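To be precise, the following lines are model37.txt, and they hold compact mmCIF, C-alpha atoms.
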# COMPACT_ATOMS: atom_id res chain seq x y z
CA MET A 1 -37.81 -9.76 43.03
CA ARG A 2 -35.42 -10.90 40.31
CA THR A 3 -35.19 -14.22 38.43
CA LEU A 4 -31.74 -15.46 37.46
CA GLU A 5 -31.92 -17.55 34.31
CA GLY A 6 -29.10 -19.62 32.87
CA HIS A 7 -29.26 -23.19 34.13
CA CYS A 8 -30.92 -25.78 31.88
CA ALA A 9 -31.89 -28.27 34.62
CA PRO A 10 -33.15 -28.07 38.24
CA VAL A 11 -31.14 -25.84 40.56
CA THR A 12 -30.24 -28.00 43.56
CA ALA A 13 -27.99 -25.78 45.69
CA VAL A 14 -27.27 -22.12 46.30
CA ALA A 15 -24.97 -20.14 48.59
CA MET A 16 -24.34 -16.42 48.96
CA THR A 17 -21.10 -14.58 49.49
CA PRO A 18 -20.88 -12.95 52.93
CA ASP A 19 -21.26 -9.44 51.52
CA GLY A 20 -24.60 -10.43 49.97
CA ARG A 21 -23.60 -9.15 46.54
CA ARG A 22 -23.04 -12.47 44.76
CA ALA A 23 -24.49 -15.97 44.79
CA VAL A 24 -23.27 -19.35 43.57
CA SER A 25 -25.85 -21.82 42.25
CA GLY A 26 -25.39 -25.52 41.55
CA SER A 27 -27.54 -27.54 39.20
CA SER A 28 -28.36 -30.94 37.79
CA ASP A 29 -26.94 -29.55 34.51
CA LEU A 30 -23.50 -30.32 36.09
CA GLU A 31 -22.56 -26.62 36.33
CA LEU A 32 -22.22 -23.94 38.94
CA LYS A 33 -22.88 -20.30 38.12
CA LEU A 34 -21.71 -17.14 39.85
CA TRP A 35 -24.26 -14.30 39.84
CA ASP A 36 -24.15 -10.58 40.52
CA LEU A 37 -27.23 -10.04 42.71
CA ASP A 38 -27.33 -6.28 42.13
CA THR A 39 -27.67 -6.61 38.36
CA GLY A 40 -28.82 -10.23 37.94
CA ARG A 41 -25.93 -10.79 35.56
CA GLU A 42 -24.23 -14.17 35.24
CA LEU A 43 -20.55 -13.54 35.97
CA ARG A 44 -19.14 -16.95 35.08
CA THR A 45 -19.88 -20.66 34.75
CA LEU A 46 -17.90 -23.26 36.69
CA ALA A 47 -17.79 -26.59 34.88
CA GLY A 48 -16.00 -29.79 35.83
CA HIS A 49 -18.35 -32.18 37.59
CA PHE A 50 -19.65 -35.26 35.79
CA ALA A 51 -22.97 -35.61 37.65
CA ALA A 52 -25.55 -33.39 39.34
CA ILE A 53 -24.36 -30.93 41.94
CA ARG A 54 -26.03 -31.38 45.32
CA GLY A 55 -24.38 -28.79 47.55
CA VAL A 56 -22.24 -25.67 47.58
CA ALA A 57 -20.55 -23.58 50.26
CA VAL A 58 -18.73 -20.24 49.99
CA SER A 59 -15.81 -19.11 52.13
CA ARG A 60 -16.23 -16.21 54.53
CA ASP A 61 -13.96 -14.00 52.43
CA GLY A 62 -16.06 -14.79 49.33
CA ARG A 63 -13.04 -15.82 47.30
CA CYS A 64 -13.62 -19.57 46.94
CA ALA A 65 -16.42 -22.12 46.86
CA VAL A 66 -16.64 -25.87 47.45
CA SER A 67 -19.16 -27.94 45.50
CA ALA A 68 -20.54 -31.42 46.26
CA SER A 69 -21.69 -33.75 43.49
CA ARG A 70 -23.30 -37.06 42.74
CA ASP A 71 -20.06 -37.94 40.92
CA HIS A 72 -18.65 -38.81 44.41
CA THR A 73 -16.34 -35.78 44.49
CA LEU A 74 -16.05 -32.26 45.83
CA LYS A 75 -14.34 -29.45 43.95
CA ILE A 76 -12.72 -26.25 45.19
CA TRP A 77 -13.17 -23.19 42.96
CA ASP A 78 -11.57 -19.76 42.74
CA LEU A 79 -14.56 -17.45 42.33
CA GLU A 80 -12.55 -14.55 40.97
CA SER A 81 -11.13 -16.49 38.03
CA GLY A 82 -13.60 -19.39 37.82
CA ARG A 83 -10.68 -21.79 37.94
CA GLU A 84 -10.98 -25.24 39.49
CA LEU A 85 -8.34 -25.42 42.21
CA ARG A 86 -8.64 -28.98 43.44
CA THR A 87 -10.79 -32.13 43.37
CA LEU A 88 -11.43 -33.95 46.65
CA ARG A 89 -11.87 -37.71 46.23
CA GLY A 90 -12.66 -40.26 48.92
CA HIS A 91 -16.41 -40.85 49.09
CA SER A 92 -17.76 -44.00 47.48
CA ASP A 93 -21.22 -42.62 46.67
CA ALA A 94 -22.93 -39.31 45.94
CA VAL A 95 -21.83 -36.31 47.99
CA ARG A 96 -25.07 -34.70 49.13
CA GLY A 97 -23.91 -31.68 51.08
CA VAL A 98 -20.94 -29.62 52.18
CA ALA A 99 -20.18 -26.97 54.80
CA MET A 100 -17.04 -24.90 55.34
CA SER A 101 -15.40 -23.81 58.57
CA PRO A 102 -15.45 -20.04 59.20
CA ASP A 103 -11.69 -19.75 58.65
CA GLY A 104 -12.00 -21.40 55.23
CA ARG A 105 -9.41 -24.06 56.08
CA ARG A 106 -11.74 -27.04 56.51
CA ALA A 107 -14.77 -28.51 54.76
CA VAL A 108 -17.15 -31.19 56.00
CA SER A 109 -18.93 -33.31 53.39
CA ALA A 110 -22.01 -35.53 53.74
CA SER A 111 -22.53 -38.56 51.52
CA SER A 112 -24.84 -41.37 50.50
CA ASP A 113 -22.03 -43.73 51.56
CA HIS A 114 -23.31 -43.15 55.16
CA THR A 115 -20.23 -41.13 56.15
CA LEU A 116 -19.02 -37.59 56.53
CA LYS A 117 -15.48 -36.50 55.78
CA ILE A 118 -13.43 -33.59 57.05
CA TRP A 119 -11.02 -32.08 54.51
CA ASP A 120 -8.03 -29.76 54.66
CA LEU A 121 -8.81 -27.32 51.85
CA GLU A 122 -5.25 -26.03 51.59
CA THR A 123 -3.75 -29.46 50.88
CA GLY A 124 -6.81 -31.44 49.74
CA ARG A 125 -6.04 -34.06 52.37
CA GLU A 126 -8.80 -36.07 54.02
CA LEU A 127 -8.39 -35.53 57.78
CA HIS A 128 -11.17 -37.69 59.23
CA THR A 129 -13.96 -40.02 58.15
CA LEU A 130 -16.97 -39.75 60.47
CA ARG A 131 -18.84 -43.03 60.83
CA GLY A 132 -21.99 -43.56 62.84
CA HIS A 133 -24.99 -43.03 60.59
CA SER A 134 -26.66 -46.14 59.19
CA ALA A 135 -28.13 -44.54 56.05
CA ASP A 136 -27.51 -41.70 53.57
CA VAL A 137 -26.27 -38.47 55.14
CA ASN A 138 -28.31 -35.69 53.55
CA GLY A 139 -26.72 -32.56 54.93
CA VAL A 140 -24.28 -30.99 57.34
CA ALA A 141 -23.83 -27.65 59.09
CA VAL A 142 -20.81 -26.25 60.94
CA SER A 143 -21.01 -23.93 63.93
CA ARG A 144 -19.73 -20.37 63.59
CA ASN A 145 -16.70 -21.13 65.80
CA GLY A 146 -15.84 -24.09 63.55
CA ARG A 147 -15.62 -26.56 66.43
CA ARG A 148 -18.82 -28.55 65.90
CA ALA A 149 -20.61 -30.10 62.93
CA VAL A 150 -24.18 -31.42 62.89
CA SER A 151 -25.31 -33.97 60.29
CA ALA A 152 -28.77 -35.04 59.08
CA SER A 153 -29.51 -38.56 57.84
CA ASP A 154 -32.07 -40.89 56.35
CA ASP A 155 -31.61 -42.99 59.53
CA GLN A 156 -33.97 -40.45 61.19
CA THR A 157 -31.27 -38.95 63.42
CA LEU A 158 -28.88 -36.06 63.61
CA LYS A 159 -25.38 -36.38 65.02
CA MET A 160 -23.07 -33.79 66.49
CA TRP A 161 -19.33 -34.12 65.83
CA ASP A 162 -16.09 -32.58 67.04
CA VAL A 163 -14.47 -31.17 63.90
CA GLU A 164 -10.92 -31.23 65.25
CA SER A 165 -10.90 -34.88 66.36
CA GLY A 166 -13.73 -36.33 64.24
CA ARG A 167 -15.33 -37.74 67.39
CA GLU A 168 -19.09 -38.23 67.64
CA LEU A 169 -20.39 -36.15 70.55
CA ARG A 170 -24.11 -36.80 70.59
CA THR A 171 -27.00 -38.37 68.67
CA LEU A 172 -30.20 -36.33 68.39
CA ALA A 173 -33.16 -38.69 68.01
CA GLY A 174 -36.80 -37.68 67.70
CA HIS A 175 -37.81 -37.63 64.05
CA SER A 176 -39.85 -40.53 62.65
CA ASP A 177 -38.68 -40.26 59.03
CA SER A 178 -35.64 -39.12 57.05
CA VAL A 179 -33.95 -35.94 58.24
CA THR A 180 -33.46 -33.89 55.10
CA GLY A 181 -31.62 -30.80 56.30
CA VAL A 182 -29.97 -29.06 59.23
CA ALA A 183 -28.77 -25.58 60.18
CA VAL A 184 -26.97 -24.21 63.23
CA SER A 185 -27.81 -20.86 64.84
CA ALA A 186 -25.25 -18.06 64.80
CA ASP A 187 -24.59 -18.43 68.53
CA GLY A 188 -23.98 -22.18 68.11
CA ARG A 189 -26.45 -23.12 70.83
CA ARG A 190 -29.27 -24.51 68.65
CA ALA A 191 -29.85 -26.54 65.54
CA VAL A 192 -32.96 -26.79 63.40
CA SER A 193 -33.75 -29.92 61.40
CA SER A 194 -36.22 -30.61 58.59
CA SER A 195 -37.77 -34.03 58.07
CA LEU A 196 -40.08 -36.04 55.84
CA ASP A 197 -42.14 -36.70 59.00
CA ASN A 198 -43.76 -33.30 58.27
CA THR A 199 -42.01 -31.49 61.11
CA LEU A 200 -39.18 -29.14 61.93
CA LYS A 201 -37.40 -29.60 65.23
CA VAL A 202 -35.20 -27.20 67.17
CA TRP A 203 -32.50 -28.79 69.32
CA ASP A 204 -30.41 -27.63 72.25
CA LEU A 205 -26.86 -28.51 71.16
CA GLU A 206 -25.41 -28.10 74.65
CA TRP A 207 -27.70 -30.63 76.30
CA GLY A 208 -29.47 -32.47 73.46
CA PRO A 209 -33.22 -32.15 74.07
CA VAL A 210 -35.81 -30.92 71.58
CA LEU A 211 -36.73 -27.31 72.36
CA ALA A 212 -39.59 -26.99 69.90
CA THR A 213 -41.42 -28.94 67.19
CA PHE A 214 -43.19 -27.20 64.31
CA PRO A 215 -45.71 -29.06 62.11
CA CYS A 216 -45.53 -28.69 58.33
CA ASP A 217 -48.24 -29.34 55.74
CA ALA A 218 -45.92 -31.76 53.91
CA GLY A 219 -42.48 -33.27 54.24
CA ALA A 220 -39.93 -30.59 55.16
CA LEU A 221 -36.99 -30.51 52.75
CA CYS A 222 -34.73 -27.67 53.92
CA CYS A 223 -34.31 -25.20 56.74
CA ALA A 224 -32.25 -22.22 57.84
CA PHE A 225 -31.97 -19.74 60.69
CA ALA A 226 -32.80 -16.08 60.06
CA GLY A 227 -31.08 -14.71 63.14
CA ASP A 228 -31.08 -16.88 66.25
CA ARG A 229 -34.84 -16.98 66.88
CA ARG A 230 -36.47 -17.14 63.44
CA ILE A 231 -36.55 -20.11 61.08
CA VAL A 232 -37.15 -20.35 57.34
CA ALA A 233 -38.11 -23.73 55.86
CA GLY A 234 -39.37 -25.22 52.60
CA ASP A 235 -41.55 -28.29 52.19
CA GLN A 236 -42.86 -30.65 49.53
CA SER A 237 -46.04 -28.60 49.06
CA GLY A 238 -43.98 -25.78 47.57
CA ARG A 239 -44.50 -23.50 50.57
CA VAL A 240 -41.82 -21.50 52.35
CA GLN A 241 -42.51 -20.97 56.05
CA PHE A 242 -41.22 -18.27 58.40
CA LEU A 243 -41.43 -19.32 62.03
CA SER A 244 -40.73 -17.65 65.37
CA LEU A 245 -38.87 -19.84 67.81
CA GLU A 246 -39.48 -17.37 70.64
CA LEU A 247 -43.25 -17.61 70.36
CA LYS A 248 -43.18 -21.40 70.15
CA GLU A 249 -40.94 -21.77 73.21
CA ASP A 250 -43.06 -19.36 75.27
CA ASN A 251 -46.30 -21.28 74.69

Same coordinates, now as structure tokens:
Amino acid sequence: MRTLEGHCAPVTAVAMTPDGRRAVSGSSDLELKLWDLDTGRELRTLAGHFAAIRGVAVSRDGRCAVSASRDHTLKIWDLESGRELRTLRGHSDAVRGVAMSPDGRRAVSASSDHTLKIWDLETGRELHTLRGHSADVNGVAVSRNGRRAVSASDDQTLKMWDVESGRELRTLAGHSDSVTGVAVSADGRRAVSSSLDNTLKVWDLEWGPVLATFPCDAGALCCAFAGDRRIVAGDQSGRVQFLSLELKEDN
């Protein structure tokens, strides 16, 4: 295990490059940092936001990153030079999360203004505003084929969206408190959600029903797939859980 030290405030977001050799962290100290994971060395600091950073995503080729901030903006960064390439403006409240399409041409942002936005990263143009949630949108994930996005909200629901048209496809209801995070499996068939109702839920994205519910000891704050049938999640107790979807579905 290695500890990467350099931020002077809570680290609120992290993303790895696809080759697993570098990571980008975002912090309440208003900075992002690029790290060499083999050596633990800080490669560069990316500065430009005026409020805490809440999300970060890295392109599949590992060359650029997009950050989301409480200053209502997103920024696109060149990871090789550390240069800020563009600022994306359009949200009217904190931007709480961001996900990139696999081809690196689009980003989807989630905001406390109750909306999501789809951006053209080459031009910086806002393509669609996705309206439908009635409270803060806490996170968003994009499927590996780039066609679908799934959002998580304080309104206790998730929504699935068509990235090309911006159309809402389905609402996933079942949580009884804020939905804090969401991830989509590599095959695009399932999503996992974390919630302050002390559960994780796994959803069938083709048909909509809940496939499995996992109890947590405290409110679940974040979640991710490790492969298509294992889940990693963190909760308010400070625990990280590793769960098998296969065993839960078979019971």

Requested in this report: Pick out the residues sitting within 8 Å of A:Asp217, and hand them over as a list in words; count all atoms listed in the file, and ignore anything fewer than 2 positions along from it in its own chain.
Outcome: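 Result of the neighbour search: Asn198, Pro215, Gly219, Asp235 and Ser237 of chain A.
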
File of the preceding selection, C-alpha atoms, as a compact mmCIF listing (two decimals), in the frame of the given file:
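Writing the result to again-v6.txt gives the following:
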# COMPACT_ATOMS: atom_id res chain seq x y z
CA ASN A 198 -43.76 -33.30 58.27
CA PRO A 215 -45.71 -29.06 62.11
CA GLY A 219 -42.48 -33.27 54.24
CA ASP A 235 -41.55 -28.29 52.19
CA SER A 237 -46.04 -28.60 49.06

**Report entry** 9 Å contact set for A:Lys75, all atoms listed in the file, chain neighbours under 3 positions out, as a list in words
**Finding:**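 Close residues of A:Lys75: Gly48, His49, Ala65, Val66, Ser67, Ala68, Ser69, Glu84, Leu85, Arg86, Thr87, Leu88 and Arg89 of chain A.
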
Residue selection dump (C-alpha atoms) as a PDB file, in the frame of the given file:
ATOM      1  CA  GLY A  48     -16.000 -29.790  35.830  1.00  0.00           C
ATOM      2  CA  HIS A  49     -18.350 -32.180  37.590  1.00  0.00           C
ATOM      3  CA  ALA A  65     -16.420 -22.120  46.860  1.00  0.00           C
ATOM      4  CA  VAL A  66     -16.640 -25.870  47.450  1.00  0.00           C
ATOM      5  CA  SER A  67     -19.160 -27.940  45.500  1.00  0.00           C
ATOM      6  CA  ALA A  68     -20.540 -31.420  46.260  1.00  0.00           C
ATOM      7  CA  SER A  69     -21.690 -33.750  43.490  1.00  0.00           C
ATOM      8  CA  GLU A  84     -10.980 -25.240  39.490  1.00  0.00           C
ATOM      9  CA  LEU A  85      -8.340 -25.420  42.210  1.00  0.00           C
ATOM     10  CA  ARG A  86      -8.640 -28.980  43.440  1.00  0.00           C
ATOM     11  CA  THR A  87     -10.790 -32.130  43.370  1.00  0.00           C
ATOM     12  CA  LEU A  88     -11.430 -33.950  46.650  1.00  0.00           C
ATOM     13  CA  ARG A  89     -11.870 -37.710  46.230  1.00  0.00           C
TER      14      ARG A  89
END

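Between A:Asn145 and the residues A:Arg70, A:Arg96, A:Arg189, A:Arg63, the shortest atom-to-atom distance, using all atoms listed in the file, involves A:Arg189.
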
Query - Neighbour residues at most 10 Å from (-26.6, -23.4, 43.6) (only C-alpha atoms) as a list of chain:residue names - result: A:His7, A:Pro10, A:Val11, A:Thr12, A:Ala13, A:Val14, A:Ala15, A:Met16, A:Ala23, A:Val24, A:Ser25, A:Gly26, A:Ser27, A:Ser28, A:Glu31, A:Leu32, A:Lys33, A:Leu34, A:Ile53, A:Arg54, A:Gly55, A:Val56, A:Ala57, A:Ser67

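For the atom pair formed by atom CA of A:Val192 and atom CA of A:Pro209, the distance is 11.9 Å, given to one decimal.
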
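Among the candidates A:Arg144, A:Gly208, A:Gly139, A:Gly174, the residue lying nearest to A:Cys222 is A:Gly139 (atoms considered: all atoms listed in the file).
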
Query raised in the report: Which polymer residues have any atom within 10 Å of an atom of A:Gly238, counting only C-alpha atoms, with same-chain residues fewer than 3 positions away left out, as a VMD selection string?
Result: chain A and resid 217 to 218 220 to 221 234 to 235 241

Query raised in the report: Between atom CA of A:Lys117 and atom CA of A:Gly188, what is the distance, to one decimal in Å?
Result: 20.7 Å

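Across A:Glu5, A:Glu168, A:Glu126, A:Asp136, the tightest approach to A:Arg41 is made by A:Glu5 when counting all atoms listed in the file.
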
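Between atom CA of A:Ser244 and atom CA of A:Val142 the separation is 22.1 Å.
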
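Summary of the local environment: counting only C-alpha atoms, residues at most 7 Å from stretch 128-134 of chain A, other than itself and those fewer than 6 positions away along its chain, are His114, Thr115, Leu116, Lys117, Ile118, Ser153, Asp155 and Gly166 of chain A.
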
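Minimum atom-to-atom distance to A:Leu211, evaluated using only C-alpha atoms, belongs to A:Arg229 out of A:Ser195, A:Cys223, A:Gly40, A:Arg229.
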
Query - Which residue of A:Ser92, A:Ala224, A:Val240, A:Glu206 approaches A:Arg170 most closely, using only C-alpha atoms - result: A:Glu206

Query raised in the report: Which is closest to A:Thr123 among A:Val137, A:Ala47, A:Ile76, A:Leu205, if we use all atoms listed in the file?
Result: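 So, comparing all the options, the nearest one is A:Ile76.
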
Requested in this report: Using all atoms listed in the file, find all polymer residues with an atom at most 10 Å away from the point (-33.1, -13.7, 64.6); report them as a list in words.
Outcome: Ser185, Ala186, Phe225, Ala226, Gly227, Asp228, Arg229, Arg230, Ile231, Ser244, Leu245 and Glu246 of chain A

Dump C-alpha atoms for the selected residues as an mmCIF file, in the coordinates of the input?
data_model
loop_
_atom_site.group_PDB
_atom_site.id
_atom_site.type_symbol
_atom_site.label_atom_id
_atom_site.label_comp_id
_atom_site.auth_asym_id
_atom_site.auth_seq_id
_atom_site.Cartn_x
_atom_site.Cartn_y
_atom_site.Cartn_z
ATOM 1 C CA SER A 185 -27.810 -20.860 64.840
ATOM 2 C CA ALA A 186 -25.250 -18.060 64.800
ATOM 3 C CA PHE A 225 -31.970 -19.740 60.690
ATOM 4 C CA ALA A 226 -32.800 -16.080 60.060
ATOM 5 C CA GLY A 227 -31.080 -14.710 63.140
ATOM 6 C CA ASP A 228 -31.080 -16.880 66.250
ATOM 7 C CA ARG A 229 -34.840 -16.980 66.880
ATOM 8 C CA ARG A 230 -36.470 -17.140 63.440
ATOM 9 C CA ILE A 231 -36.550 -20.110 61.080
ATOM 10 C CA SER A 244 -40.730 -17.650 65.370
ATOM 11 C CA LEU A 245 -38.870 -19.840 67.810
ATOM 12 C CA GLU A 246 -39.480 -17.370 70.640
#

Sorted per-residue table, stretch 148-245 of chain A near stretch 98-113 of chain A, closest atoms and distance, 9 Å, all atoms listed in the file, as JSON lines:
{"residue": "A:Ala149", "atom": "CA", "partner": "A:Val108", "partner_atom": "CA", "distance": 7.8}
{"residue": "A:Ser151", "atom": "CA", "partner": "A:Ala110", "partner_atom": "CA", "distance": 7.5}
{"residue": "A:Ala152", "atom": "CA", "partner": "A:Ala110", "partner_atom": "CA", "distance": 8.6}
{"residue": "A:Val163", "atom": "CA", "partner": "A:Val108", "partner_atom": "CA", "distance": 8.3}

Please, can stretch 79-113 of chain A be completed to N, CA and C atoms and returned as a CSV table (one decimal), in the coordinates of the input?
chain,number,residue,atom,x,y,z
A,79,LEU,N,-13.4,-18.2,42.9
A,79,LEU,CA,-14.6,-17.4,42.3
A,79,LEU,C,-14.2,-16.2,41.5
A,80,GLU,N,-13.0,-15.7,41.7
A,80,GLU,CA,-12.6,-14.6,41.0
A,80,GLU,C,-12.2,-14.9,39.5
A,81,SER,N,-11.6,-16.1,39.4
A,81,SER,CA,-11.1,-16.5,38.0
A,81,SER,C,-12.0,-17.6,37.4
A,82,GLY,N,-12.8,-18.3,38.3
A,82,GLY,CA,-13.6,-19.4,37.8
A,82,GLY,C,-12.8,-20.7,37.7
A,83,ARG,N,-11.6,-20.6,38.1
A,83,ARG,CA,-10.7,-21.8,37.9
A,83,ARG,C,-10.9,-22.9,39.0
A,84,GLU,N,-10.9,-24.1,38.6
A,84,GLU,CA,-11.0,-25.2,39.5
A,84,GLU,C,-9.6,-25.4,40.2
A,85,LEU,N,-9.6,-25.3,41.5
A,85,LEU,CA,-8.3,-25.4,42.2
A,85,LEU,C,-8.0,-26.8,42.6
A,86,ARG,N,-9.0,-27.6,42.9
A,86,ARG,CA,-8.6,-29.0,43.4
A,86,ARG,C,-9.9,-29.8,43.4
A,87,THR,N,-9.7,-31.2,43.2
A,87,THR,CA,-10.8,-32.1,43.4
A,87,THR,C,-10.5,-33.0,44.6
A,88,LEU,N,-11.5,-33.1,45.4
A,88,LEU,CA,-11.4,-34.0,46.6
A,88,LEU,C,-12.1,-35.3,46.4
A,89,ARG,N,-11.3,-36.4,46.5
A,89,ARG,CA,-11.9,-37.7,46.2
A,89,ARG,C,-11.7,-38.6,47.5
A,90,GLY,N,-12.7,-39.4,47.8
A,90,GLY,CA,-12.7,-40.3,48.9
A,90,GLY,C,-14.0,-40.9,49.2
A,91,HIS,N,-15.1,-40.2,48.9
A,91,HIS,CA,-16.4,-40.8,49.1
A,91,HIS,C,-16.7,-41.9,48.0
A,92,SER,N,-17.5,-42.9,48.4
A,92,SER,CA,-17.8,-44.0,47.5
A,92,SER,C,-19.2,-43.9,46.9
A,93,ASP,N,-19.9,-42.8,47.2
A,93,ASP,CA,-21.2,-42.6,46.7
A,93,ASP,C,-21.4,-41.1,46.6
A,94,ALA,N,-22.6,-40.7,46.2
A,94,ALA,CA,-22.9,-39.3,45.9
A,94,ALA,C,-22.6,-38.5,47.2
A,95,VAL,N,-22.0,-37.3,46.9
A,95,VAL,CA,-21.8,-36.3,48.0
A,95,VAL,C,-23.0,-35.4,48.0
A,96,ARG,N,-23.8,-35.4,49.1
A,96,ARG,CA,-25.1,-34.7,49.1
A,96,ARG,C,-25.1,-33.3,49.8
A,97,GLY,N,-24.0,-33.0,50.4
A,97,GLY,CA,-23.9,-31.7,51.1
A,97,GLY,C,-22.5,-31.4,51.5
A,98,VAL,N,-22.3,-30.1,51.8
A,98,VAL,CA,-20.9,-29.6,52.2
A,98,VAL,C,-21.1,-28.3,53.0
A,99,ALA,N,-20.2,-28.2,54.0
A,99,ALA,CA,-20.2,-27.0,54.8
A,99,ALA,C,-18.7,-26.6,55.0
A,100,MET,N,-18.4,-25.3,55.1
A,100,MET,CA,-17.0,-24.9,55.3
A,100,MET,C,-16.9,-24.3,56.7
A,101,SER,N,-15.7,-24.5,57.3
A,101,SER,CA,-15.4,-23.8,58.6
A,101,SER,C,-15.3,-22.3,58.4
A,102,PRO,N,-15.5,-21.5,59.4
A,102,PRO,CA,-15.4,-20.0,59.2
A,102,PRO,C,-14.1,-19.5,58.7
A,103,ASP,N,-13.0,-20.2,59.1
A,103,ASP,CA,-11.7,-19.8,58.6
A,103,ASP,C,-11.3,-20.2,57.2
A,104,GLY,N,-12.2,-21.0,56.6
A,104,GLY,CA,-12.0,-21.4,55.2
A,104,GLY,C,-11.0,-22.5,55.1
A,105,ARG,N,-10.5,-23.1,56.2
A,105,ARG,CA,-9.4,-24.1,56.1
A,105,ARG,C,-9.9,-25.5,56.0
A,106,ARG,N,-11.2,-25.7,56.5
A,106,ARG,CA,-11.7,-27.0,56.5
A,106,ARG,C,-13.1,-27.1,55.8
A,107,ALA,N,-13.4,-28.3,55.3
A,107,ALA,CA,-14.8,-28.5,54.8
A,107,ALA,C,-15.2,-29.8,55.3
A,108,VAL,N,-16.5,-29.9,55.6
A,108,VAL,CA,-17.2,-31.2,56.0
A,108,VAL,C,-18.2,-31.6,54.9
A,109,SER,N,-18.0,-32.8,54.4
A,109,SER,CA,-18.9,-33.3,53.4
A,109,SER,C,-19.8,-34.4,53.9
A,110,ALA,N,-21.0,-34.5,53.4
A,110,ALA,CA,-22.0,-35.5,53.7
A,110,ALA,C,-22.3,-36.4,52.5
A,111,SER,N,-22.4,-37.7,52.7
A,111,SER,CA,-22.5,-38.6,51.5
A,111,SER,C,-23.5,-39.7,51.7
A,112,SER,N,-24.0,-40.2,50.5
A,112,SER,CA,-24.8,-41.4,50.5
A,112,SER,C,-24.1,-42.6,50.9
A,113,ASP,N,-22.8,-42.6,51.1
A,113,ASP,CA,-22.0,-43.7,51.6
A,113,ASP,C,-22.1,-43.9,53.1
